[in-house]
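See below for entry_30.cif, which holds mmCIF, C-alpha atoms and all ligand atoms.
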```
data_upload
#
loop_
_atom_site.group_PDB
_atom_site.id
_atom_site.type_symbol
_atom_site.label_atom_id
_atom_site.label_comp_id
_atom_site.auth_asym_id
_atom_site.auth_seq_id
_atom_site.Cartn_x
_atom_site.Cartn_y
_atom_site.Cartn_z
ATOM 1 C CA MET H 1 -5.181 -2.897 4.915
ATOM 2 C CA PRO H 2 -1.548 -2.328 3.961
ATOM 3 C CA GLU H 3 -0.893 1.194 2.687
ATOM 4 C CA LEU H 4 2.200 2.808 1.180
ATOM 5 C CA PRO H 5 4.533 2.431 4.206
ATOM 6 C CA GLU H 6 3.576 -1.210 4.755
ATOM 7 C CA VAL H 7 3.973 -2.077 1.069
ATOM 8 C CA GLU H 8 7.308 -0.228 0.937
ATOM 9 C CA THR H 9 8.458 -2.140 4.034
ATOM 10 C CA VAL H 10 7.659 -5.426 2.291
ATOM 11 C CA VAL H 11 9.522 -4.255 -0.836
ATOM 12 C CA ARG H 12 12.561 -3.275 1.229
ATOM 13 C CA THR H 13 12.722 -6.632 2.982
ATOM 14 C CA LEU H 14 12.269 -8.548 -0.282
ATOM 15 C CA ARG H 15 14.553 -6.544 -2.558
ATOM 16 C CA PRO H 16 17.988 -7.634 -1.305
ATOM 17 C CA ARG H 17 16.925 -11.269 -1.185
ATOM 18 C CA LEU H 18 15.144 -11.397 -4.541
ATOM 19 C CA LEU H 19 17.433 -9.373 -6.816
ATOM 20 C CA GLY H 20 19.208 -11.664 -9.257
ATOM 21 C CA ALA H 21 17.225 -14.744 -8.204
ATOM 22 C CA THR H 22 15.942 -17.052 -10.929
ATOM 23 C CA VAL H 23 12.382 -18.365 -10.833
ATOM 24 C CA ALA H 24 12.407 -22.157 -11.210
ATOM 25 C CA ALA H 25 8.673 -22.866 -11.004
ATOM 26 C CA VAL H 26 5.309 -21.275 -10.264
ATOM 27 C CA TRP H 27 2.427 -22.867 -8.356
ATOM 28 C CA THR H 28 -1.061 -21.458 -7.821
ATOM 29 C CA SER H 29 -3.922 -22.668 -5.649
ATOM 30 C CA GLY H 30 -6.437 -22.195 -8.468
ATOM 31 C CA LYS H 31 -8.695 -20.137 -6.199
ATOM 32 C CA GLY H 32 -9.978 -16.753 -7.383
ATOM 33 C CA LEU H 33 -8.586 -13.673 -5.683
ATOM 34 C CA ARG H 34 -9.908 -10.113 -5.943
ATOM 35 C CA LEU H 35 -13.539 -10.128 -7.120
ATOM 36 C CA ALA H 36 -13.197 -13.910 -7.401
ATOM 37 C CA ARG H 37 -11.074 -13.418 -10.535
ATOM 38 C CA PRO H 38 -8.801 -16.352 -11.238
ATOM 39 C CA ILE H 39 -5.083 -15.642 -11.668
ATOM 40 C CA ASP H 40 -3.902 -16.133 -15.251
ATOM 41 C CA ARG H 41 -1.569 -18.952 -14.357
ATOM 42 C CA ALA H 42 -0.443 -19.624 -17.931
ATOM 43 C CA VAL H 43 0.837 -16.063 -18.415
ATOM 44 C CA LEU H 44 2.339 -16.022 -14.925
ATOM 45 C CA ALA H 45 4.269 -19.232 -15.577
ATOM 46 C CA ARG H 46 5.302 -18.329 -19.126
ATOM 47 C CA LEU H 47 6.770 -14.988 -18.070
ATOM 48 C CA SER H 48 8.234 -16.006 -14.686
ATOM 49 C CA VAL H 49 9.736 -19.432 -15.122
ATOM 50 C CA ALA H 50 13.473 -19.296 -15.930
ATOM 51 C CA ALA H 51 13.410 -15.476 -15.669
ATOM 52 C CA ARG H 52 15.731 -13.574 -13.346
ATOM 53 C CA ILE H 53 14.383 -10.929 -10.995
ATOM 54 C CA ALA H 54 15.801 -7.591 -12.137
ATOM 55 C CA ALA H 55 14.064 -5.184 -9.739
ATOM 56 C CA VAL H 56 11.563 -5.075 -6.898
ATOM 57 C CA ARG H 57 9.743 -1.751 -6.659
ATOM 58 C CA ARG H 58 6.507 -0.122 -5.580
ATOM 59 C CA LYS H 59 3.966 2.213 -7.062
ATOM 60 C CA GLY H 60 1.173 3.315 -4.756
ATOM 61 C CA LYS H 61 0.102 0.153 -2.948
ATOM 62 C CA TYR H 62 1.293 -2.167 -5.731
ATOM 63 C CA ILE H 63 4.449 -4.262 -5.619
ATOM 64 C CA LEU H 64 6.111 -4.641 -9.020
ATOM 65 C CA VAL H 65 8.660 -7.385 -9.659
ATOM 66 C CA ASP H 66 10.565 -6.739 -12.889
ATOM 67 C CA LEU H 67 11.885 -9.721 -14.801
ATOM 68 C CA ASP H 68 14.885 -9.696 -17.146
ATOM 69 C CA ARG H 69 12.640 -9.993 -20.198
ATOM 70 C CA GLY H 70 12.084 -6.528 -21.636
ATOM 71 C CA GLN H 71 9.261 -4.798 -19.781
ATOM 72 C CA ALA H 72 7.885 -8.035 -18.346
ATOM 73 C CA GLY H 73 7.013 -8.202 -14.702
ATOM 74 C CA ILE H 74 4.687 -9.329 -11.951
ATOM 75 C CA LEU H 75 2.175 -7.111 -10.178
ATOM 76 C CA ILE H 76 1.127 -7.920 -6.614
ATOM 77 C CA HIS H 77 -1.487 -6.168 -4.477
ATOM 78 C CA LEU H 78 -1.809 -7.247 -0.860
ATOM 79 C CA GLY H 79 -5.496 -6.289 -0.643
ATOM 80 C CA MET H 80 -6.837 -6.550 2.918
ATOM 81 C CA SER H 81 -4.909 -9.465 4.333
ATOM 82 C CA GLY H 82 -2.321 -10.472 1.729
ATOM 83 C CA ARG H 83 1.227 -11.302 2.775
ATOM 84 C CA LEU H 84 4.370 -12.015 0.822
ATOM 85 C CA ARG H 85 6.777 -14.300 2.614
ATOM 86 C CA LEU H 86 10.182 -15.491 1.500
ATOM 87 C CA GLN H 87 10.772 -18.858 3.107
ATOM 88 C CA ALA H 88 12.834 -21.973 2.614
ATOM 89 C CA ALA H 89 11.012 -24.550 0.499
ATOM 90 C CA ARG H 90 11.326 -27.099 3.328
ATOM 91 C CA GLU H 91 9.194 -24.902 5.631
ATOM 92 C CA ALA H 92 5.522 -25.821 5.593
ATOM 93 C CA ARG H 93 3.296 -23.567 3.494
ATOM 94 C CA ALA H 94 0.830 -21.519 5.537
ATOM 95 C CA PRO H 95 -2.909 -22.069 5.053
ATOM 96 C CA HIS H 96 -4.362 -19.760 2.372
ATOM 97 C CA THR H 97 -1.180 -19.805 0.267
ATOM 98 C CA HIS H 98 -2.348 -18.933 -3.260
ATOM 99 C CA VAL H 99 0.814 -18.350 -5.313
ATOM 100 C CA VAL H 100 4.321 -19.753 -4.865
ATOM 101 C CA TRP H 101 7.376 -18.805 -6.898
ATOM 102 C CA SER H 102 10.078 -21.431 -6.332
ATOM 103 C CA LEU H 103 13.498 -19.846 -6.682
ATOM 104 C CA ALA H 104 16.661 -21.580 -7.818
ATOM 105 C CA GLY H 105 18.602 -22.143 -4.598
ATOM 106 C CA GLY H 106 15.725 -23.427 -2.491
ATOM 107 C CA ASP H 107 13.736 -20.396 -1.310
ATOM 108 C CA GLU H 108 10.098 -19.788 -2.111
ATOM 109 C CA LEU H 109 8.293 -16.469 -2.476
ATOM 110 C CA ARG H 110 4.787 -17.161 -1.168
ATOM 111 C CA PHE H 111 1.636 -15.090 -1.516
ATOM 112 C CA VAL H 112 -0.713 -15.859 1.364
ATOM 113 C CA ASP H 113 -4.142 -14.229 1.499
ATOM 114 C CA PRO H 114 -6.869 -15.513 3.854
ATOM 115 C CA ARG H 115 -9.527 -13.021 2.701
ATOM 116 C CA ARG H 116 -8.534 -13.117 -0.953
ATOM 117 C CA PHE H 117 -8.892 -9.397 -1.708
ATOM 118 C CA GLY H 118 -5.336 -9.316 -3.033
ATOM 119 C CA TRP H 119 -4.244 -9.689 -6.616
ATOM 120 C CA VAL H 120 -1.393 -11.185 -8.649
ATOM 121 C CA ALA H 121 -0.877 -10.717 -12.382
ATOM 122 C CA ALA H 122 1.970 -10.920 -14.865
ATOM 123 C CA SER H 123 2.396 -8.975 -18.069
ATOM 124 C CA GLN H 124 4.827 -8.420 -20.937
ATOM 125 C CA ASN H 125 4.641 -4.771 -19.910
ATOM 126 C CA VAL H 126 3.858 -4.518 -16.232
ATOM 127 C CA ASP H 127 3.687 -0.710 -16.162
ATOM 128 C CA ALA H 128 1.012 -0.805 -18.868
ATOM 129 C CA LEU H 129 -1.352 -2.975 -16.808
ATOM 130 C CA PRO H 130 -4.497 -0.906 -16.162
ATOM 131 C CA GLU H 131 -4.024 -1.234 -12.389
ATOM 132 C CA VAL H 132 -0.650 0.541 -12.671
ATOM 133 C CA ALA H 133 -1.277 2.851 -15.627
ATOM 134 C CA GLY H 134 -4.393 4.228 -13.925
ATOM 135 C CA LEU H 135 -2.592 5.330 -10.769
ATOM 136 C CA GLY H 136 -1.963 8.961 -9.959
ATOM 137 C CA PRO H 137 1.492 10.142 -8.853
ATOM 138 C CA ASP H 138 2.954 8.184 -5.947
ATOM 139 C CA ALA H 139 2.364 10.075 -2.689
ATOM 140 C CA LEU H 140 5.929 9.628 -1.459
ATOM 141 C CA LEU H 141 7.993 9.804 -4.641
ATOM 142 C CA GLU H 142 6.129 11.564 -7.417
ATOM 143 C CA MET H 143 3.481 14.024 -6.301
ATOM 144 C CA ASP H 144 4.468 17.695 -6.207
ATOM 145 C CA ALA H 145 2.714 20.645 -4.587
ATOM 146 C CA PHE H 146 1.745 22.321 -7.877
ATOM 147 C CA ARG H 147 0.060 19.229 -9.215
ATOM 148 C CA LEU H 148 -1.672 18.628 -5.887
ATOM 149 C CA ARG H 149 -2.875 22.230 -5.847
ATOM 150 C CA ASP H 150 -4.365 21.892 -9.339
ATOM 151 C CA LEU H 151 -6.061 18.607 -8.440
ATOM 152 C CA LEU H 152 -7.496 20.070 -5.226
ATOM 153 C CA ALA H 153 -8.745 23.171 -7.030
ATOM 154 C CA ALA H 154 -10.629 21.019 -9.531
ATOM 155 C CA SER H 155 -12.511 18.892 -6.995
ATOM 156 C CA ASP H 156 -15.490 19.354 -4.704
ATOM 157 C CA ALA H 157 -14.933 15.969 -3.032
ATOM 158 C CA PRO H 158 -14.370 15.964 0.742
ATOM 159 C CA LEU H 159 -10.624 15.929 1.452
ATOM 160 C CA LYS H 160 -10.735 12.449 2.901
ATOM 161 C CA SER H 161 -12.258 10.805 -0.160
ATOM 162 C CA PHE H 162 -10.098 12.991 -2.425
ATOM 163 C CA LEU H 163 -6.938 11.607 -0.825
ATOM 164 C CA LEU H 164 -8.193 8.012 -0.847
ATOM 165 C CA ASP H 165 -8.692 8.122 -4.633
ATOM 166 C CA GLN H 166 -5.692 6.256 -6.073
ATOM 167 C CA LYS H 167 -6.254 7.843 -9.491
ATOM 168 C CA ARG H 168 -5.420 11.257 -7.996
ATOM 169 C CA ILE H 169 -2.628 10.345 -5.552
ATOM 170 C CA ALA H 170 -1.389 6.793 -5.084
ATOM 171 C CA GLY H 171 -0.543 4.994 -1.864
ATOM 172 C CA LEU H 172 -2.741 6.454 0.856
ATOM 173 C CA GLY H 173 -5.451 4.574 2.733
ATOM 174 C CA ASN H 174 -7.575 5.255 5.769
ATOM 175 C CA ILE H 175 -4.787 5.392 8.354
ATOM 176 C CA TYR H 176 -2.407 7.806 6.637
ATOM 177 C CA VAL H 177 -5.164 10.040 5.272
ATOM 178 C CA CYS H 178 -6.362 10.587 8.860
ATOM 179 C CA GLU H 179 -2.799 11.175 10.045
ATOM 180 C CA ALA H 180 -1.950 13.580 7.215
ATOM 181 C CA LEU H 181 -5.129 15.638 7.629
ATOM 182 C CA PHE H 182 -4.474 15.970 11.358
ATOM 183 C CA ARG H 183 -0.884 17.076 10.719
ATOM 184 C CA ALA H 184 -2.132 19.619 8.160
ATOM 185 C CA ARG H 185 -4.940 20.809 10.517
ATOM 186 C CA LEU H 186 -7.508 20.142 7.796
ATOM 187 C CA HIS H 187 -10.964 18.702 8.486
ATOM 188 C CA PRO H 188 -11.663 15.435 6.621
ATOM 189 C CA ARG H 189 -14.976 16.776 5.260
ATOM 190 C CA THR H 190 -13.598 20.079 3.945
ATOM 191 C CA PRO H 191 -14.180 20.282 0.170
ATOM 192 C CA ALA H 192 -10.881 19.738 -1.673
ATOM 193 C CA ARG H 193 -11.258 23.023 -3.572
ATOM 194 C CA ARG H 194 -11.074 24.991 -0.325
ATOM 195 C CA ALA H 195 -7.717 23.425 0.583
ATOM 196 C CA ALA H 196 -5.992 24.260 -2.740
ATOM 197 C CA GLY H 197 -4.077 27.122 -1.098
ATOM 198 C CA ARG H 198 -2.751 24.667 1.492
ATOM 199 C CA ALA H 199 -1.436 22.126 -1.035
ATOM 200 C CA ALA H 200 2.220 22.466 -0.045
ATOM 201 C CA ALA H 201 1.410 22.086 3.657
ATOM 202 C CA LEU H 202 -0.835 19.114 2.949
ATOM 203 C CA LEU H 203 1.847 17.369 0.868
ATOM 204 C CA HIS H 204 4.386 18.032 3.607
ATOM 205 C CA ALA H 205 1.978 16.517 6.165
ATOM 206 C CA ILE H 206 1.361 13.458 3.971
ATOM 207 C CA ARG H 207 5.101 12.815 3.580
ATOM 208 C CA ALA H 208 5.746 13.381 7.303
ATOM 209 C CA ALA H 209 3.091 10.785 8.224
ATOM 210 C CA LEU H 210 4.485 8.314 5.675
ATOM 211 C CA LYS H 211 8.115 8.804 6.717
ATOM 212 C CA VAL H 212 7.408 8.207 10.408
ATOM 213 C CA ALA H 213 5.542 5.029 9.465
ATOM 214 C CA LEU H 214 8.385 3.873 7.209
ATOM 215 C CA ALA H 215 10.916 4.426 9.979
ATOM 216 C CA ASN H 216 8.698 2.225 12.184
ATOM 217 C CA ARG H 217 8.386 -0.414 9.451
ATOM 218 C CA GLY H 218 4.643 0.091 9.030
ATOM 219 C CA THR H 219 1.506 -0.063 11.139
ATOM 220 C CA SER H 220 0.271 -3.483 12.265
ATOM 221 C CA MET H 221 -3.305 -2.869 13.397
ATOM 222 C CA ARG H 222 -4.329 -6.438 12.747
ATOM 223 C CA ASP H 223 -2.241 -8.751 10.680
ATOM 224 C CA PHE H 224 0.325 -6.808 8.682
ATOM 225 C CA VAL H 225 3.790 -8.383 8.726
ATOM 226 C CA ASP H 226 6.789 -7.768 6.477
ATOM 227 C CA ALA H 227 8.330 -10.412 4.197
ATOM 228 C CA GLU H 228 10.174 -11.905 7.165
ATOM 229 C CA GLY H 229 7.102 -12.123 9.400
ATOM 230 C CA ARG H 230 7.886 -9.090 11.585
ATOM 231 C CA ARG H 231 5.154 -6.716 12.737
ATOM 232 C CA GLY H 232 5.479 -2.950 12.233
ATOM 233 C CA LYS H 233 5.834 -0.650 15.231
ATOM 234 C CA ASN H 234 4.007 2.415 13.944
ATOM 235 C CA ALA H 235 0.692 1.936 15.812
ATOM 236 C CA ALA H 236 2.197 3.603 18.898
ATOM 237 C CA ALA H 237 3.271 6.617 16.809
ATOM 238 C CA LEU H 238 -0.159 7.345 15.281
ATOM 239 C CA LEU H 239 -1.447 10.800 16.252
ATOM 240 C CA VAL H 240 -5.201 10.299 15.727
ATOM 241 C CA TYR H 241 -5.936 6.994 13.998
ATOM 242 C CA GLY H 242 -7.294 4.466 16.510
ATOM 243 C CA ARG H 243 -7.239 7.053 19.344
ATOM 244 C CA ALA H 244 -10.971 7.893 19.680
ATOM 245 C CA GLY H 245 -11.665 9.478 23.082
ATOM 246 C CA GLU H 246 -7.976 9.940 23.874
ATOM 247 C CA PRO H 247 -6.607 13.487 24.199
ATOM 248 C CA CYS H 248 -5.287 15.260 21.105
ATOM 249 C CA HIS H 249 -1.506 15.575 21.402
ATOM 250 C CA VAL H 250 -1.734 19.261 20.477
ATOM 251 C CA CYS H 251 -4.752 20.621 22.397
ATOM 252 C CA GLY H 252 -6.027 17.863 24.682
ATOM 253 C CA THR H 253 -9.517 17.704 23.127
ATOM 254 C CA PRO H 254 -10.706 14.076 22.872
ATOM 255 C CA VAL H 255 -10.032 12.659 19.409
ATOM 256 C CA ARG H 256 -13.314 12.006 17.607
ATOM 257 C CA ARG H 257 -14.241 9.021 15.458
ATOM 258 C CA SER H 258 -16.900 9.274 12.785
ATOM 259 C CA LEU H 259 -18.126 6.575 10.486
ATOM 260 C CA ASP H 260 -18.772 7.169 6.812
ATOM 261 C CA SER H 261 -19.448 4.432 4.268
ATOM 262 C CA GLY H 262 -18.124 1.837 6.673
ATOM 263 C CA ARG H 263 -14.779 3.566 7.244
ATOM 264 C CA SER H 264 -13.675 5.183 10.474
ATOM 265 C CA THR H 265 -12.380 8.720 10.361
ATOM 266 C CA PHE H 266 -10.344 9.987 13.305
ATOM 267 C CA TYR H 267 -9.782 13.718 13.811
ATOM 268 C CA CYS H 268 -9.483 16.442 16.415
ATOM 269 C CA PRO H 269 -12.621 18.616 16.339
ATOM 270 C CA HIS H 270 -10.645 21.548 17.753
ATOM 271 C CA CYS H 271 -7.452 21.439 15.646
ATOM 272 C CA GLN H 272 -9.203 20.440 12.419
ATOM 273 C CA ARG H 273 -11.977 22.943 11.691
ATOM 274 C CA SER H 274 -14.181 22.444 8.663
HETATM 275 ZN ZN ZN W 301 -6.414 19.082 18.903
#
```
Mind turning the file's structure into structure tokens?
Amino acid sequence: MPELPEVETVVRTLRPRLLGATVAAVWTSGKGLRLARPIDRAVLARLSVAARIAAVRRKGKYILVDLDRGQAGILIHLGMSGRLRLQAAREARAPHTHVVWSLAGGDELRFVDPRRFGWVAASQNVDALPEVAGLGPDALLEMDAFRLRDLLAASDAPLKSFLLDQKRIAGLGNIYVCEALFRARLHPRTPARRAAGRAAALLHAIRAALKVALANRGTSMRDFVDAEGRRGKNAAALLVYGRAGEPCHVCGTPVRRSLDSGRSTFYCPHCQRS
């Protein structure tokens, strides 16, 4: 599932090619996406068609495309398997294409999502959409150590689920939570409250994990590609995620994998004490 570095990589590949472009038409497949909800095609078309793209930005794992109509914009979440591709209209559309914005000049921005856990919506005020308004501070750009300390101190949740909660801190998923906790030498099951004194170190570890991944243009475990179809190179740089049984880079102890509520957690039982 694409997390902050993968979403940011998509935004960075799209931004220079989308800025200033005018939307000529919108097409949707009519199939429901996340939770089988249908896209509101009427609103999407009314706000997008004939609008110019004024900004392409990210908050947490959401892509926000601002239009030159007040606060209007488009929200896109890649879900599990969603991709945004910018391709010439003459190129064949991939199977599972669910939304297409035709741009003046002949390119198409295409949302492709085989598993349909992604989401696309448009609004007069994109930042006021509940998906965006409900997010905590962005892990890369907005969170600060004091706020993180206060949030940690107020929670008994295990650190891993604390960091996965987008309402507290936005942008992290399974991969970068594992990486950040390893870098901070914190055990995934440690209650958040007990890590409050380590907030600055934890935030530093989170940003370090994200920045390495950004430099590598994201992690492609399965099918993540950027807006030009390129895979990320970060899998080889992961310290614990996906490395069960392999030696810890710090102490040599085999990296352990545990399974909770269907998600894998990777950690070093020696470096990360609970
Ligand atoms: Zn270790």
Mind telling me what the PyMOL selection byres (((chain H and resi 246-262) around 12) and not hetatm) catches here, as number ranges by chain? H: 158, 160-161, 174, 178-179, 182-183, 185, 187-189, 237-245, 263-272
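Atom CA of Lys61 of chain H is found 27.4 Å from atom CA of Gly197 of chain H.
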10 Å contact set for Arg149 of chain H, only C-alpha atoms, chain neighbours under 6 positions out, as a list in words: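 Contacts, with the query itself left out: Ala192, Arg193, Ala195, Ala196, Gly197, Arg198, Ala199, Ala200, Leu202 and Leu203 of chain H.
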Nearby residues (all atoms listed in the file) at most 10 Å from Tyr176 of chain H, same-chain spacing under 6 positions excluded, as a PyMOL selection string: chain H and resi 3-5+163-164+182+205-210+213+219+238+240-241
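Using the PyMOL selection byres (((chain H and resi 129) around 12) and not hetatm) on this structure selects Tyr62, Leu64, Gln71, Ala72, Gly73, Ile74, Leu75, Ile76, Val120, Ala121, Ala122, Ser123, Gln124, Asn125, Val126, Asp127, Ala128, Pro130, Glu131, Val132, Ala133, Gly134 and Leu135 of chain H.
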Separation of atom CA of Arg57 of chain H from atom CA of Arg15 of chain H in Å: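 If I compute the distance from atom CA of Arg15 of chain H to atom CA of Arg57 of chain H, I get 7.9 Å.
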List the residues selected by the PyMOL selection byres (((chain H and resi 78-89) around 9) and not hetatm) in the file shown, writing them as a short mmCIF file (atom, residue, chain, number, x, y, z; two decimals) with C-alpha atoms, in the coordinates of the input.
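Written output follows (part_30.cif):
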```
data_model
loop_
_atom_site.label_atom_id
_atom_site.label_comp_id
_atom_site.auth_asym_id
_atom_site.auth_seq_id
_atom_site.Cartn_x
_atom_site.Cartn_y
_atom_site.Cartn_z
CA MET H 1 -5.18 -2.90 4.92
CA PRO H 2 -1.55 -2.33 3.96
CA VAL H 7 3.97 -2.08 1.07
CA VAL H 10 7.66 -5.43 2.29
CA LEU H 14 12.27 -8.55 -0.28
CA ARG H 17 16.92 -11.27 -1.18
CA LEU H 18 15.14 -11.40 -4.54
CA ARG H 34 -9.91 -10.11 -5.94
CA LYS H 61 0.10 0.15 -2.95
CA TYR H 62 1.29 -2.17 -5.73
CA ILE H 63 4.45 -4.26 -5.62
CA ILE H 76 1.13 -7.92 -6.61
CA HIS H 77 -1.49 -6.17 -4.48
CA ARG H 90 11.33 -27.10 3.33
CA GLU H 91 9.19 -24.90 5.63
CA ALA H 92 5.52 -25.82 5.59
CA ARG H 93 3.30 -23.57 3.49
CA SER H 102 10.08 -21.43 -6.33
CA LEU H 103 13.50 -19.85 -6.68
CA GLY H 106 15.72 -23.43 -2.49
CA ASP H 107 13.74 -20.40 -1.31
CA GLU H 108 10.10 -19.79 -2.11
CA LEU H 109 8.29 -16.47 -2.48
CA ARG H 110 4.79 -17.16 -1.17
CA PHE H 111 1.64 -15.09 -1.52
CA VAL H 112 -0.71 -15.86 1.36
CA ASP H 113 -4.14 -14.23 1.50
CA PRO H 114 -6.87 -15.51 3.85
CA ARG H 115 -9.53 -13.02 2.70
CA ARG H 116 -8.53 -13.12 -0.95
CA PHE H 117 -8.89 -9.40 -1.71
CA GLY H 118 -5.34 -9.32 -3.03
CA TRP H 119 -4.24 -9.69 -6.62
CA VAL H 120 -1.39 -11.18 -8.65
CA ARG H 222 -4.33 -6.44 12.75
CA ASP H 223 -2.24 -8.75 10.68
CA PHE H 224 0.32 -6.81 8.68
CA VAL H 225 3.79 -8.38 8.73
CA ASP H 226 6.79 -7.77 6.48
CA ALA H 227 8.33 -10.41 4.20
CA GLU H 228 10.17 -11.90 7.16
CA GLY H 229 7.10 -12.12 9.40
#
```
Please measure the separation of atom CA of Pro95 of chain H and atom CA of Gly32 of chain H, giving the value in Å to one decimal. 15.3 Å
So, counting all atoms listed in the file, which residue among H:Ala153, H:Leu141, H:Val23, H:Ala51 is closest to Trp101 of chain H? H:Val23
Determine the axis-aligned bounding box of all atoms of segment 144-148 of chain H present in the file, pad each side by 4 Å, and express its centre and edge lengths in Å to one decimal place as AutoDock Vina command-line options.
```
--center_x 1.4 --center_y 20.0 --center_z -6.9 --size_x 14.1 --size_y 12.6 --size_z 12.6
```
Given the choices H:His204, H:Arg58, H:Leu186, H:Asn234, which gets closest to ligand ZN 301 (chain W) if the distance is worked out from all atoms listed in the file?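 With all atoms listed in the file as the atom set, the closest residue is H:Leu186.
Closest approach to Ala170 of chain H among H:Leu33, H:Ala42, H:Ala139, H:Ala154 is made by H:Ala139 (distances from only C-alpha atoms).
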